[in-house]
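Below is one structure; the comments refer to it alone.
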Amino acid sequence: MSSERERELQAVTIGEPRRIDGPIEIADYDATWPNLFEREAARIRIALGDQVRVLEHAGSTSVPGLAAKPIIDIVLAVPDSSDEVAYVPALEAAGYTLRIREPDWFEHRVLKGPDTEVNLHVFSEGCEEIGRMLAFRDHLRSNQADRELYERTKRELAARDWEFMQDYADAKSAVVEEIVARTTT
């Protein structure tokens, strides 16, 4: 990885970026993934109460039948994701750890779960990226051809060696954008 790429990742990562240095694990769909989301959603609701504006299971684990990295992606909207003092301490008390801070990309934050592989994506209420993520999820749930295209792409890319998970995620961008474009037509 170039030193430029290392600097980019370090700039948004709290602590050291976690290296993968190999292929990505993709698991066949697991019917327990929705239950894991529900458990985490309950934990988040207890921790944040009425600050929760949107709380949705997103990502590949939210699409029945789709193979995925066994990491539960959760989208959370709070009044202002840049106001970390308003929500991060409560989530940390519930066992979450703040790992990513992206002020230049929708004030996005990512927290990791306490005892389940979770990526908790935090955005401000009304953020357009929430709608995009949920439209992508909903489209994959209802469109078998695009679900198969996405799974094929993920499996092909996952088999390669990657230094960081973000590199794999970035490599999927073209097919994600292609599918997202179909969600608006």
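Scheme for the structure tokens: letters A, B, ... for chains in order shown; per-chain residue numbers from 1; ligand numbers from 1 in order shown.
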Check: Per DSSP on the backbone, what are the strand (DSSP E or B) residues of chain A, as a PyMOL selection string?
Finding: chain A and resi 13+19-22+27+54-58+68+72-78+97-102+108-112+118-124+162-164
Margin query: Using only C-alpha atoms, which protein or nucleic acid residues come within 9 Å of range 143-152 of chain A? Drop anything in the same chain fewer than 2 positions from it, and give the result as a list of chain:residue names.
Written below: A:Val63, A:Gly65, A:Leu66, A:Ala67, A:Ala68, A:Asp138, A:His139, A:Leu140, A:Arg141, A:Lys154, A:Arg155, A:Glu156, A:Leu157, A:Lys172, A:Val175, A:Val176, A:Ile179
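Nearest to Pro79 in chain A of all the residues A:Glu16, A:Glu25, A:Asp50, A:Arg137 is A:Asp50, counting only C-alpha atoms.
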Checklist line | Surrounding residues of Gly126 in chain A excluding itself and chain neighbours under 4 positions, 12 Å, only C-alpha atoms, as JSON, numbers by chain | finding: {"A": [53, 54, 76, 77, 78, 79, 80, 81, 106, 122, 130, 131, 132]}
Next item on the list: Choose the residue, out of A:Tyr96, A:Trp162, A:Phe136, A:Phe123, that has the smallest atom-to-atom separation from Leu55 in chain A; count only C-alpha atoms.
Entry: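 Nearest candidate to Leu55 in chain A out of A:Tyr96, A:Trp162, A:Phe136, A:Phe123: A:Phe123.
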Next item on the list: List the neighbours of range 82-89 of chain A out to 9 Å using only C-alpha atoms; skip same-chain residues closer than 2 positions along the sequence, and give me the result as an NGL selection string.
Entry: :A and (47-48 or 51 or 78-80 or 91-94 or 96-98 or 101 or 103 or 107-109 or 111 or 123-124)
Next item on the list: Give me every helix (DSSP H, G or I) residue in range 25-98 of chain A, going by DSSP on the backbone, as a ChimeraX atom specification.
Entry: /A:33-51,60-62,84-86,88-93
Checklist line | Selection near Lys112 in chain A, 9 Å with only C-alpha atoms, sequence-local residues under 2 positions removed, as a PyMOL selection string | finding: chain A and resi 95-99+110+114+116-120
Deliver the residues from the most recent selection as a file, using N, CA and C atoms, as a compact mmCIF listing (two decimals), in the first residue's frame.
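Resulting contents of out-v6.txt:
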# COMPACT_ATOMS: atom_id res chain seq x y z
N GLY A 95 -20.56 -0.90 25.53
CA GLY A 95 -19.53 -1.79 25.02
C GLY A 95 -19.02 -1.51 23.63
N TYR A 96 -19.56 -0.51 22.95
CA TYR A 96 -19.12 -0.17 21.60
C TYR A 96 -17.81 0.63 21.64
N THR A 97 -17.06 0.57 20.55
CA THR A 97 -15.79 1.28 20.44
C THR A 97 -15.78 2.11 19.17
N LEU A 98 -15.54 3.41 19.31
CA LEU A 98 -15.44 4.30 18.15
C LEU A 98 -14.16 3.98 17.39
N ARG A 99 -14.28 3.68 16.08
CA ARG A 99 -13.12 3.30 15.27
C ARG A 99 -12.89 4.21 14.08
N VAL A 110 -18.11 5.20 12.67
CA VAL A 110 -18.31 3.77 12.77
C VAL A 110 -17.84 3.32 14.14
N PRO A 114 -19.62 -4.76 20.90
CA PRO A 114 -18.94 -5.28 22.08
C PRO A 114 -18.69 -6.79 22.04
N THR A 116 -20.33 -8.93 19.33
CA THR A 116 -20.76 -9.42 18.02
C THR A 116 -20.01 -8.60 16.99
N GLU A 117 -19.65 -9.22 15.88
CA GLU A 117 -19.00 -8.46 14.80
C GLU A 117 -20.03 -7.50 14.21
N VAL A 118 -19.90 -6.23 14.57
CA VAL A 118 -20.84 -5.20 14.16
C VAL A 118 -20.07 -4.00 13.63
N ASN A 119 -20.58 -3.42 12.55
CA ASN A 119 -20.18 -2.09 12.11
C ASN A 119 -21.41 -1.20 12.30
N LEU A 120 -21.36 -0.35 13.29
CA LEU A 120 -22.46 0.58 13.56
C LEU A 120 -22.13 1.89 12.86
Checklist line | Between CA of Ile71 in chain A and CA of Gly59 in chain A, distance in Å (one decimal) | finding: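 If I compute the distance from CA of Ile71 in chain A to CA of Gly59 in chain A, I get 8.9 Å.
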Item checked: Counting only C-alpha atoms, the residue of A:Glu128, A:Asp73, A:Glu102, A:Asp170 that sits nearest Ala41 in chain A ->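 Ranked by minimum distance to Ala41 in chain A, first place goes to A:Asp73.
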Margin query: With distances taken over only C-alpha atoms, which residue among A:Glu4, A:Pro70, A:Arg45, A:Thr13 lies nearest Tyr29 in chain A?
Written below: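 Using only C-alpha atoms, the shortest distance to Tyr29 in chain A belongs to A:Pro70.
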Check: At what distance in Å, to one decimal, does CA of Ser60 in chain A lie from CA of Arg39 in chain A?
Finding: 17.6 Å
Next item on the list: Using only C-alpha atoms, find the one residue out of A:Val75, A:Ile46, A:Val12, A:Arg5 that sits nearest to Asp104 in chain A.
Entry: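 Using only C-alpha atoms, the shortest distance to Asp104 in chain A belongs to A:Val12.
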Notebook entry, point to check: What is the distance, in Å and to one decimal place, between CA of Ile100 in chain A and CA of Ile20 in chain A?
Noted result: 16.6 Å
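With only C-alpha atoms as the atoms that count, the residue of A:His57, A:Thr32, A:Gln166, A:Ile72 with the shortest distance to Gln10 in chain A is A:Gln166.
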